[in-house]
>>> print(open('run-v9.txt').read())   # compact mmCIF, C-alpha atoms
# COMPACT_ATOMS: atom_id res chain seq x y z
CA MET A 1 -18.57 -4.56 -51.91
CA GLY A 2 -20.08 -2.05 -49.49
CA LYS A 3 -20.17 -4.62 -46.68
CA LEU A 4 -16.47 -5.42 -47.20
CA VAL A 5 -15.62 -1.73 -46.94
CA VAL A 6 -17.61 -1.37 -43.71
CA ILE A 7 -15.99 -4.49 -42.24
CA SER A 8 -12.53 -3.33 -43.27
CA LEU A 9 -13.10 0.09 -41.72
CA PHE A 10 -14.38 -1.53 -38.51
CA VAL A 11 -11.38 -3.85 -38.28
CA ALA A 12 -9.00 -0.96 -38.92
CA ALA A 13 -10.68 1.20 -36.28
CA LEU A 14 -10.67 -1.66 -33.76
CA SER A 15 -7.00 -2.38 -34.43
CA ALA A 16 -6.12 1.28 -33.97
CA PHE A 17 -8.11 1.43 -30.74
CA LEU A 18 -6.52 -1.72 -29.31
CA GLY A 19 -3.07 -0.51 -30.34
CA GLU A 20 -3.63 2.83 -28.62
CA ARG A 21 -4.87 1.09 -25.45
CA ILE A 22 -1.83 -1.21 -25.35
CA ILE A 23 0.55 1.74 -25.75
CA ASN A 24 -1.34 3.60 -23.01
CA LEU A 25 -1.14 0.61 -20.67
CA LYS A 26 2.62 0.35 -21.22
CA LYS A 27 2.94 4.03 -20.34
CA ARG A 28 0.88 3.59 -17.18
CA THR A 29 3.00 0.64 -16.04
CA LEU A 30 6.25 2.46 -16.99
CA ALA A 31 7.21 -0.65 -18.94
CA SER A 32 10.03 1.13 -20.78
CA ARG A 33 11.54 2.96 -17.82
CA LYS A 34 15.25 2.50 -17.19
CA LEU A 35 16.18 2.88 -13.54
CA VAL A 36 19.23 4.78 -12.35
CA GLN A 37 20.36 3.23 -9.07
CA THR A 38 20.55 5.25 -5.86
CA HIS A 39 21.81 3.20 -2.93
CA LEU A 40 22.02 4.05 0.77
CA PRO A 41 24.84 3.14 3.18
CA ASN A 42 24.87 0.18 5.56
CA CYS A 43 21.88 -1.67 4.15
CA HIS A 44 21.13 -5.14 5.45
CA PRO A 45 18.16 -7.51 5.19
CA ILE A 46 16.00 -8.32 8.20
CA LYS A 47 16.20 -12.01 8.99
CA SER A 48 12.92 -13.98 9.09
CA LEU A 49 11.21 -11.47 6.79
CA GLU A 50 11.90 -13.21 3.50
CA TYR A 51 8.44 -13.78 2.01
CA GLY A 52 7.16 -10.26 1.80
CA SER A 53 6.68 -7.30 4.12
CA GLU A 54 3.97 -5.61 2.09
CA ASP A 55 3.02 -2.99 4.64
CA LEU A 56 4.50 -1.62 7.84
CA THR A 57 4.17 1.30 10.18
CA ILE A 58 6.47 2.61 12.91
CA LEU A 59 5.03 3.72 16.24
CA PRO A 60 6.44 6.87 17.89
CA ASN A 61 8.51 4.69 20.27
CA GLY A 62 10.34 3.09 17.32
CA LEU A 63 8.45 -0.20 17.25
CA ALA A 64 7.59 -1.22 13.70
CA ILE A 65 4.59 -3.44 12.99
CA ILE A 66 4.90 -5.44 9.77
CA SER A 67 2.50 -7.57 7.72
CA THR A 68 4.07 -10.53 5.89
CA GLY A 69 3.13 -13.37 3.58
CA LEU A 70 0.65 -11.65 1.25
CA LYS A 71 -0.72 -13.97 -1.44
CA ASP A 72 -2.12 -11.93 -4.30
CA PRO A 73 -3.96 -13.68 -7.19
CA VAL A 74 -1.84 -11.94 -9.84
CA LEU A 75 1.53 -11.70 -8.06
CA PRO A 76 4.16 -14.31 -7.21
CA SER A 77 4.19 -15.92 -3.76
CA TYR A 78 7.08 -17.93 -2.36
CA SER A 79 5.52 -19.46 0.73
CA ASP A 80 2.36 -21.50 1.27
CA ASP A 81 2.29 -20.65 4.99
CA PRO A 82 -0.43 -18.34 6.32
CA GLY A 83 0.45 -14.69 6.71
CA LYS A 84 1.92 -13.35 9.93
CA MET A 85 2.42 -10.11 11.82
CA TYR A 86 5.76 -9.08 13.31
CA THR A 87 7.20 -6.28 15.37
CA LEU A 88 10.70 -4.88 14.90
CA ASP A 89 12.34 -2.55 17.40
CA MET A 90 14.05 0.11 15.28
CA SER A 91 15.79 1.51 18.36
CA GLU A 92 17.89 -1.66 18.76
CA ASP A 93 20.20 -0.61 15.94
CA SER A 94 22.24 -3.53 14.54
CA ARG A 95 20.61 -6.08 16.87
CA MET A 96 17.21 -5.73 15.20
CA LYS A 97 15.31 -9.00 15.27
CA PRO A 98 11.66 -9.35 14.28
CA VAL A 99 9.29 -10.83 16.84
CA GLU A 100 6.21 -12.70 15.64
CA LEU A 101 3.01 -11.45 17.22
CA ARG A 102 0.90 -14.16 18.81
CA MET A 103 -2.74 -14.08 17.73
CA GLY A 104 -5.28 -15.30 20.25
CA ARG A 105 -8.51 -17.23 20.14
CA GLY A 106 -11.46 -16.47 17.90
CA PHE A 107 -9.46 -15.82 14.76
CA ASP A 108 -8.83 -18.11 11.77
CA LEU A 109 -5.05 -18.14 11.46
CA ASP A 110 -4.96 -20.72 8.66
CA SER A 111 -6.57 -18.36 6.13
CA PHE A 112 -4.81 -15.18 7.29
CA ASN A 113 -3.63 -13.21 4.25
CA PRO A 114 -2.63 -9.72 5.46
CA HIS A 115 -2.31 -6.71 3.17
CA GLY A 116 -2.44 -3.05 4.24
CA ILE A 117 -2.33 -2.12 7.94
CA SER A 118 -2.97 0.89 10.17
CA VAL A 119 -2.67 1.69 13.85
CA TYR A 120 -5.04 3.77 15.96
CA THR A 121 -4.38 4.88 19.54
CA ASP A 122 -7.43 5.51 21.70
CA GLU A 123 -6.56 8.67 23.62
CA THR A 124 -9.03 7.84 26.41
CA ASP A 125 -6.94 4.93 27.71
CA ASN A 126 -3.94 4.77 25.29
CA SER A 127 -5.08 1.39 23.93
CA VAL A 128 -3.51 0.61 20.56
CA TYR A 129 -5.67 -0.96 17.86
CA LEU A 130 -4.26 -2.63 14.77
CA PHE A 131 -6.39 -2.67 11.63
CA VAL A 132 -5.41 -5.29 9.03
CA VAL A 133 -6.76 -5.76 5.51
CA ASN A 134 -7.24 -9.53 5.14
CA HIS A 135 -7.92 -11.58 2.00
CA PRO A 136 -9.02 -15.07 3.09
CA GLN A 137 -10.11 -17.26 0.15
CA LYS A 138 -9.47 -14.27 -2.17
CA LYS A 139 -12.14 -12.21 -0.41
CA THR A 140 -11.73 -8.92 1.44
CA GLN A 141 -12.40 -8.07 5.06
CA VAL A 142 -10.89 -5.83 7.72
CA GLU A 143 -9.69 -7.31 11.01
CA ILE A 144 -9.39 -5.23 14.18
CA PHE A 145 -7.04 -6.33 16.95
CA LEU A 146 -5.97 -4.90 20.27
CA PHE A 147 -2.17 -4.68 20.27
CA VAL A 148 -0.64 -5.77 23.60
CA GLU A 149 2.99 -4.68 23.32
CA GLU A 150 4.31 -6.14 26.56
CA ASP A 151 2.85 -9.54 25.68
CA HIS A 152 3.86 -9.49 21.97
CA SER A 153 0.29 -10.39 21.08
CA LEU A 154 -2.80 -9.35 19.17
CA VAL A 155 -6.20 -9.79 20.78
CA TYR A 156 -8.89 -10.30 18.16
CA VAL A 157 -11.68 -7.73 18.40
CA LYS A 158 -13.87 -8.07 15.31
CA THR A 159 -14.12 -8.61 11.55
CA ILE A 160 -15.69 -6.02 9.24
CA LYS A 161 -17.21 -6.95 5.86
CA HIS A 162 -19.22 -4.78 3.49
CA GLU A 163 -20.09 -4.77 -0.20
CA PHE A 164 -18.35 -1.39 -0.57
CA LEU A 165 -15.13 -2.96 0.79
CA HIS A 166 -14.80 -5.38 -2.12
CA SER A 167 -11.10 -5.14 -3.00
CA VAL A 168 -9.40 -3.18 -0.25
CA ASN A 169 -5.70 -2.52 -0.66
CA ASP A 170 -4.82 -0.18 2.20
CA ILE A 171 -6.46 1.43 5.20
CA VAL A 172 -6.03 4.31 7.62
CA ALA A 173 -7.79 4.06 10.96
CA VAL A 174 -9.49 7.20 12.33
CA GLY A 175 -11.32 5.68 15.30
CA VAL A 176 -11.68 2.51 17.33
CA GLU A 177 -13.95 1.05 14.63
CA SER A 178 -13.78 3.62 11.81
CA PHE A 179 -11.42 4.03 8.88
CA TYR A 180 -10.83 5.14 5.31
CA ALA A 181 -9.92 2.40 2.81
CA THR A 182 -8.87 2.20 -0.83
CA ASN A 183 -10.35 -0.24 -3.33
CA ASP A 184 -7.64 -1.02 -5.85
CA HIS A 185 -10.15 -2.71 -8.19
CA SER A 186 -13.14 -1.12 -9.91
CA TYR A 187 -15.02 -4.40 -9.51
CA PRO A 188 -14.64 -7.41 -7.21
CA SER A 189 -13.96 -9.41 -10.39
CA ALA A 190 -10.30 -9.21 -11.44
CA VAL A 191 -11.26 -9.77 -15.08
CA LEU A 192 -13.72 -6.87 -15.12
CA HIS A 193 -11.22 -4.66 -13.31
CA MET A 194 -8.47 -5.40 -15.83
CA LEU A 195 -10.94 -4.58 -18.60
CA ALA A 196 -11.73 -1.26 -16.87
CA VAL A 197 -8.00 -0.47 -16.60
CA PHE A 198 -7.44 -1.44 -20.24
CA LEU A 199 -10.29 0.86 -21.30
CA GLY A 200 -9.03 3.63 -19.02
CA LEU A 201 -12.15 3.77 -16.82
CA PRO A 202 -11.29 5.51 -13.49
CA TRP A 203 -13.84 3.70 -11.33
CA ALA A 204 -11.80 2.61 -8.28
CA ASP A 205 -12.58 4.55 -5.12
CA VAL A 206 -11.98 5.47 -1.48
CA VAL A 207 -14.50 4.35 1.14
CA TYR A 208 -15.24 5.65 4.62
CA TYR A 209 -16.47 3.08 7.15
CA SER A 210 -17.90 3.59 10.63
CA PRO A 211 -20.46 1.64 12.66
CA GLY A 212 -22.92 4.39 11.78
CA GLY A 213 -22.61 4.00 8.04
CA VAL A 214 -20.48 3.31 4.98
CA LYS A 215 -20.03 5.54 1.95
CA ALA A 216 -17.80 6.12 -1.07
CA VAL A 217 -16.03 9.44 -0.51
CA GLY A 218 -13.45 9.64 -3.30
CA ASP A 219 -13.39 8.32 -6.84
CA GLY A 220 -11.71 8.88 -10.18
CA PHE A 221 -8.94 6.30 -9.71
CA LEU A 222 -7.89 3.61 -12.16
CA SER A 223 -6.49 1.93 -9.05
CA ALA A 224 -6.41 3.45 -5.57
CA ASN A 225 -3.55 2.05 -3.54
CA GLY A 226 -1.78 3.39 -0.43
CA ILE A 227 -3.61 5.75 1.92
CA ASN A 228 -2.61 7.77 4.97
CA MET A 229 -3.37 10.94 6.91
CA SER A 230 -1.55 14.15 7.82
CA PRO A 231 -0.39 14.47 11.45
CA ASP A 232 -3.02 17.16 12.10
CA LYS A 233 -5.72 14.81 10.69
CA ARG A 234 -6.95 17.47 8.26
CA TYR A 235 -5.79 15.84 5.03
CA LEU A 236 -5.88 12.41 3.44
CA TYR A 237 -3.26 11.17 0.97
CA VAL A 238 -4.05 8.50 -1.64
CA SER A 239 -1.73 6.87 -4.15
CA ALA A 240 -3.19 6.95 -7.65
CA ILE A 241 -0.70 4.27 -8.59
CA LEU A 242 -1.39 4.01 -12.33
CA ASP A 243 -1.40 7.78 -12.73
CA HIS A 244 1.95 8.09 -10.91
CA GLU A 245 0.48 10.65 -8.52
CA ILE A 246 -0.35 11.21 -4.87
CA ALA A 247 -3.80 12.77 -4.49
CA VAL A 248 -4.35 15.17 -1.58
CA PHE A 249 -7.84 15.49 -0.08
CA GLU A 250 -9.21 17.72 2.63
CA ILE A 251 -11.33 15.86 5.18
CA LYS A 252 -14.66 17.57 5.88
CA LYS A 253 -16.62 17.34 9.15
CA ASN A 254 -19.02 14.80 7.63
CA LYS A 255 -15.97 12.67 6.61
CA ASP A 256 -16.41 13.44 2.91
CA LEU A 257 -13.29 14.29 0.91
CA VAL A 258 -12.56 17.33 -1.24
CA HIS A 259 -9.73 17.01 -3.76
CA VAL A 260 -7.09 19.69 -3.19
CA LYS A 261 -4.27 18.75 -5.56
CA SER A 262 -2.26 15.88 -7.01
CA VAL A 263 1.53 15.59 -6.87
CA ALA A 264 3.41 13.78 -9.64
CA VAL A 265 5.97 11.24 -8.42
CA GLY A 266 7.10 9.57 -11.66
CA SER A 267 6.74 6.04 -10.29
CA LEU A 268 4.07 3.51 -9.35
CA CYS A 269 3.90 4.23 -5.65
CA ASP A 270 2.35 1.66 -3.35
CA ASN A 271 1.94 2.39 0.38
CA ILE A 272 2.29 5.78 2.05
CA GLU A 273 3.90 6.43 5.45
CA VAL A 274 3.81 9.88 7.06
CA ASP A 275 6.50 11.19 9.38
CA HIS A 276 4.85 11.94 12.75
CA VAL A 277 6.99 15.07 13.26
CA THR A 278 7.72 16.63 9.86
CA GLY A 279 4.66 15.49 7.95
CA ASP A 280 6.88 14.24 5.09
CA LEU A 281 5.45 11.45 2.96
CA TRP A 282 7.54 8.32 2.38
CA LEU A 283 6.52 6.10 -0.52
CA GLY A 284 7.50 2.55 -1.44
CA CYS A 285 7.31 2.44 -5.22
CA HIS A 286 7.62 0.17 -8.25
CA PRO A 287 9.83 1.82 -10.88
CA ASN A 288 8.59 -0.58 -13.58
CA GLY A 289 5.18 -2.07 -12.91
CA ALA A 290 5.33 -4.44 -15.86
CA LYS A 291 8.03 -6.45 -14.09
CA VAL A 292 6.29 -6.76 -10.72
CA ALA A 293 3.70 -9.38 -11.70
CA VAL A 294 6.22 -11.59 -13.53
CA TYR A 295 9.30 -12.81 -11.68
CA ASP A 296 12.00 -13.07 -14.32
CA PRO A 297 15.44 -13.85 -12.79
CA GLU A 298 17.05 -12.28 -15.85
CA ASP A 299 15.04 -9.06 -15.59
CA LEU A 300 14.07 -8.48 -11.96
CA PRO A 301 11.55 -5.87 -10.79
CA GLY A 302 13.36 -3.08 -9.00
CA SER A 303 12.61 -0.97 -5.95
CA GLU A 304 12.30 2.74 -5.32
CA VAL A 305 11.67 4.96 -2.29
CA ILE A 306 10.41 8.50 -2.81
CA ARG A 307 10.06 11.26 -0.24
CA ILE A 308 7.68 14.22 -0.56
CA GLN A 309 8.42 17.29 1.55
CA ASP A 310 6.16 20.34 1.89
CA ILE A 311 3.31 18.61 0.09
CA HIS A 312 0.88 21.41 0.92
CA TYR A 313 3.13 24.10 -0.52
CA GLU A 314 2.83 25.34 -4.09
CA LYS A 315 5.93 23.40 -5.11
CA PRO A 316 6.41 20.21 -3.05
CA VAL A 317 9.89 18.69 -3.03
CA VAL A 318 9.88 15.19 -4.52
CA THR A 319 13.13 13.26 -3.96
CA GLN A 320 14.26 9.79 -4.93
CA VAL A 321 15.88 8.48 -1.73
CA TYR A 322 16.61 4.89 -2.79
CA ALA A 323 16.56 2.96 -6.06
CA ASP A 324 17.71 -0.55 -6.88
CA ASP A 325 17.39 -2.66 -10.03
CA GLY A 326 16.33 -5.79 -8.13
CA SER A 327 19.82 -7.08 -7.40
CA VAL A 328 19.37 -6.09 -3.73
CA LEU A 329 15.63 -5.55 -3.23
CA ILE A 330 12.68 -6.71 -5.33
CA GLY A 331 9.32 -4.97 -5.48
CA SER A 332 9.40 -2.34 -2.73
CA SER A 333 5.93 -1.48 -1.43
CA VAL A 334 6.50 0.64 1.68
CA ALA A 335 9.18 2.66 3.45
CA ALA A 336 9.36 4.44 6.81
CA PRO A 337 12.14 6.40 8.55
CA TYR A 338 13.12 6.33 12.20
CA GLU A 339 16.01 8.24 13.78
CA GLY A 340 18.38 8.18 10.82
CA LYS A 341 17.36 4.76 9.51
CA LEU A 342 15.01 3.68 6.73
CA LEU A 343 12.98 0.46 6.83
CA ILE A 344 11.83 -0.75 3.40
CA GLY A 345 9.27 -3.50 2.84
CA THR A 346 8.38 -5.47 -0.28
CA VAL A 347 5.39 -7.28 -1.77
CA TYR A 348 6.97 -10.76 -1.86
CA HIS A 349 10.69 -10.32 -1.16
CA LYS A 350 12.71 -9.45 1.95
CA ALA A 351 12.72 -6.32 4.10
CA LEU A 352 15.73 -4.03 4.20
CA VAL A 353 17.01 -1.49 6.70
CA CYS A 354 19.50 1.22 5.68
CA ASP A 355 21.16 4.30 7.11
CA LEU A 356 19.82 7.55 5.71
CA LYS A 357 22.49 9.90 4.40
>>> encode(input="run-v9.txt", output="structure tokens")
Amino acid sequence: MGKLVVISLFVAALSAFLGERIINLKKRTLASRKLVQTHLPNCHPIKSLEYGSEDLTILPNGLAIISTGLKDPVLPSYSDDPGKMYTLDMSEDSRMKPVELRMGRGFDLDSFNPHGISVYTDETDNSVYLFVVNHPQKKTQVEIFLFVEEDHSLVYVKTIKHEFLHSVNDIVAVGVESFYATNDHSYPSAVLHMLAVFLGLPWADVVYYSPGGVKAVGDGFLSANGINMSPDKRYLYVSAILDHEIAVFEIKKNKDLVHVKSVAVGSLCDNIEVDHVTGDLWLGCHPNGAKVAVYDPEDLPGSEVIRIQDIHYEKPVVTQVYADDGSVLIGSSVAAPYEGKLLIGTVYHKALVCDLK
């Protein structure tokens, strides 16, 4: 009789624990959130960008660089073609047409699977380097290219691999061969990572890489996603996507990070773009994360763009700039403004450009 009581108590405790974990996971993915739509005027899709535009960045001259064709193991993909890189001239107004960047010799195009990107300009000669997170054969590596704007091409420079860079999501370049990167998984294994998320173990991290060494510099994330830097290069911003927050870190001289604050955004925010002039943060977000991994035509994943102003003030201003239930745009992952327009990218859907009010 005593054994039955012990077993019954164990089963009851396990059931309660699993139930609590499931409820917690639903809260983290905002599975019950109902989205109120906020549309912008004069929105239109960008032709040729129909199979994802997961990350993008806009150079000061208005030229956007866009990664397309991401194939993620747990997300839908609607093209078997290798990934590609495009440019889009935001200054062309209604005549915007993406231009595919040619990629030269020495690089395996067939396995190209681009994710997060970042641009670094070498002030000594104004050379522009493009850093691309690449997932060939479900692995992770960082590719560095020299961007030749007048030739619409990328010249392959080198590939970086390291055991600390095991599941990189996004990247911000801070030198010709140095960068900060986020690991969105606690472990290289997706199964172990999902177990860590289910158990609530905040073991994902931020890594600093340079030719002189590699080190973990920020931890405490269930999943670390988008990453970017303040215009003055003093602060680093990281999306704690499952905590619905943007973490702010101060960058020390030795490249370590000190946590300053976290700003609640109320959504699962993916990539972070920073306005070169104002320092405002622009976030492409998933209003309901439970819908992103499963494409249900009857219940589409929506899109949301959030702007953070005065992030270093005591009370930052967090504003929902755009929201759609999926009828126009599915799974927004990034957004960037340029001269009164907003370019929005998605994980596996089209890209959209709108006028800002």
>>> residues_around(input="run-v9.txt", residues="A:His349", least_positions_apart="5", cutoff="8 Å", atoms="all atoms listed in the file", output="list in words")
Glu50, Tyr51, Gly52, Ser53, Leu329, Ile330 and Gly331 of chain A
>>> write_last_selection(input="run-v9.txt", atoms="C-alpha atoms", output="tab-separated table (two decimals), keeping the file's coordinate frame")
chain	number	residue	atom	x	y	z
A	50	GLU	CA	11.90	-13.21	3.50
A	51	TYR	CA	8.44	-13.78	2.01
A	52	GLY	CA	7.16	-10.26	1.80
A	53	SER	CA	6.68	-7.30	4.12
A	329	LEU	CA	15.63	-5.55	-3.23
A	330	ILE	CA	12.68	-6.71	-5.33
A	331	GLY	CA	9.32	-4.97	-5.48
>>> atom_distance(input="run-v9.txt", atom1="atom CA of A:Val128", atom2="atom CA of A:Val157")
11.9 Å
>>> residues_around(input="run-v9.txt", residues="stretch 74-87 of chain A", least_positions_apart="5", cutoff="6 Å", atoms="all atoms listed in the file", output="list in words")
Ala64, Ile65, Ile66, Ser67, Thr68, Gly69, Pro98, Val99, Glu100, Leu101, Asp110, Phe112, Asn113, Pro114 and Ala293 of chain A
>>> residues_around(input="run-v9.txt", residues="stretch 275-284 of chain A", least_positions_apart="5", cutoff="9 Å", atoms="all atoms listed in the file", output="ChimeraX atom specification")
/A:59-60,226,230-232,237,268-270,303-311,331-338,344-346
>>> closest_residue(input="run-v9.txt", among="A:Ala204, A:Leu30, A:Phe221, A:Phe131", to="A:Cys285", atoms="only C-alpha atoms")
A:Leu30
>>> atom_distance(input="run-v9.txt", atom1="atom CA of A:Leu242", atom2="atom CA of A:Leu199")
13.0 Å
>>> closest_residue(input="run-v9.txt", among="A:Lys253, A:Val148, A:Thr38, A:Thr124", to="A:Gly302", atoms="all atoms listed in the file")
A:Thr38
>>> closest_residue(input="run-v9.txt", among="A:Ile144, A:Ala173, A:Leu63, A:Ile251", to="A:Lys161", atoms="only C-alpha atoms")
A:Ile144
>>> closest_residue(input="run-v9.txt", among="A:Asp170, A:Asp205, A:Asp355, A:Glu143", to="A:Gly106", atoms="all atoms listed in the file")
A:Glu143
>>> decode(input="run-v9.txt", residues="stretch 272-319 of chain A", atoms="C-alpha atoms", output="PDB file, in the first residue's frame")
ATOM      1  CA  ILE A 272      17.211  44.474 -34.356  1.00  0.00           C
ATOM      2  CA  GLU A 273      18.056  47.406 -36.640  1.00  0.00           C
ATOM      3  CA  VAL A 274      19.388  50.687 -35.241  1.00  0.00           C
ATOM      4  CA  ASP A 275      18.782  54.066 -36.854  1.00  0.00           C
ATOM      5  CA  HIS A 276      22.191  55.548 -37.732  1.00  0.00           C
ATOM      6  CA  VAL A 277      21.061  59.077 -36.777  1.00  0.00           C
ATOM      7  CA  THR A 278      18.547  58.835 -33.931  1.00  0.00           C
ATOM      8  CA  GLY A 279      19.710  55.613 -32.308  1.00  0.00           C
ATOM      9  CA  ASP A 280      16.114  54.292 -32.298  1.00  0.00           C
ATOM     10  CA  LEU A 281      15.724  50.517 -32.322  1.00  0.00           C
ATOM     11  CA  TRP A 282      13.474  48.915 -34.946  1.00  0.00           C
ATOM     12  CA  LEU A 283      12.334  45.368 -34.273  1.00  0.00           C
ATOM     13  CA  GLY A 284      10.713  42.776 -36.521  1.00  0.00           C
ATOM     14  CA  CYS A 285       8.551  40.689 -34.205  1.00  0.00           C
ATOM     15  CA  HIS A 286       6.280  37.646 -34.026  1.00  0.00           C
ATOM     16  CA  PRO A 287       3.067  38.548 -32.183  1.00  0.00           C
ATOM     17  CA  ASN A 288       2.208  34.863 -31.667  1.00  0.00           C
ATOM     18  CA  GLY A 289       5.191  32.533 -31.717  1.00  0.00           C
ATOM     19  CA  ALA A 290       3.089  29.389 -31.583  1.00  0.00           C
ATOM     20  CA  LYS A 291       1.871  30.074 -35.128  1.00  0.00           C
ATOM     21  CA  VAL A 292       5.274  30.741 -36.703  1.00  0.00           C
ATOM     22  CA  ALA A 293       6.509  27.138 -36.841  1.00  0.00           C
ATOM     23  CA  VAL A 294       3.238  25.771 -38.244  1.00  0.00           C
ATOM     24  CA  TYR A 295       1.832  27.248 -41.446  1.00  0.00           C
ATOM     25  CA  ASP A 296      -1.933  26.974 -41.096  1.00  0.00           C
ATOM     26  CA  PRO A 297      -3.769  28.776 -43.947  1.00  0.00           C
ATOM     27  CA  GLU A 298      -6.780  29.116 -41.656  1.00  0.00           C
ATOM     28  CA  ASP A 299      -4.774  30.665 -38.808  1.00  0.00           C
ATOM     29  CA  LEU A 300      -1.759  32.475 -40.243  1.00  0.00           C
ATOM     30  CA  PRO A 301       1.158  33.793 -38.169  1.00  0.00           C
ATOM     31  CA  GLY A 302       1.040  37.566 -38.090  1.00  0.00           C
ATOM     32  CA  SER A 303       3.650  40.302 -38.217  1.00  0.00           C
ATOM     33  CA  GLU A 304       4.582  43.174 -35.949  1.00  0.00           C
ATOM     34  CA  VAL A 305       7.095  46.029 -36.039  1.00  0.00           C
ATOM     35  CA  ILE A 306       8.063  47.756 -32.805  1.00  0.00           C
ATOM     36  CA  ARG A 307      10.120  50.901 -32.351  1.00  0.00           C
ATOM     37  CA  ILE A 308      12.040  51.792 -29.180  1.00  0.00           C
ATOM     38  CA  GLN A 309      12.984  55.432 -28.683  1.00  0.00           C
ATOM     39  CA  ASP A 310      15.216  56.783 -25.898  1.00  0.00           C
ATOM     40  CA  ILE A 311      16.235  53.286 -24.833  1.00  0.00           C
ATOM     41  CA  HIS A 312      18.887  54.621 -22.457  1.00  0.00           C
ATOM     42  CA  TYR A 313      16.447  56.899 -20.650  1.00  0.00           C
ATOM     43  CA  GLU A 314      14.613  55.849 -17.501  1.00  0.00           C
ATOM     44  CA  LYS A 315      11.389  55.360 -19.449  1.00  0.00           C
ATOM     45  CA  PRO A 316      12.003  54.306 -23.069  1.00  0.00           C
ATOM     46  CA  VAL A 317       9.149  54.825 -25.519  1.00  0.00           C
ATOM     47  CA  VAL A 318       7.967  51.514 -26.990  1.00  0.00           C
ATOM     48  CA  THR A 319       5.591  51.900 -29.946  1.00  0.00           C
TER      49      THR A 319
END
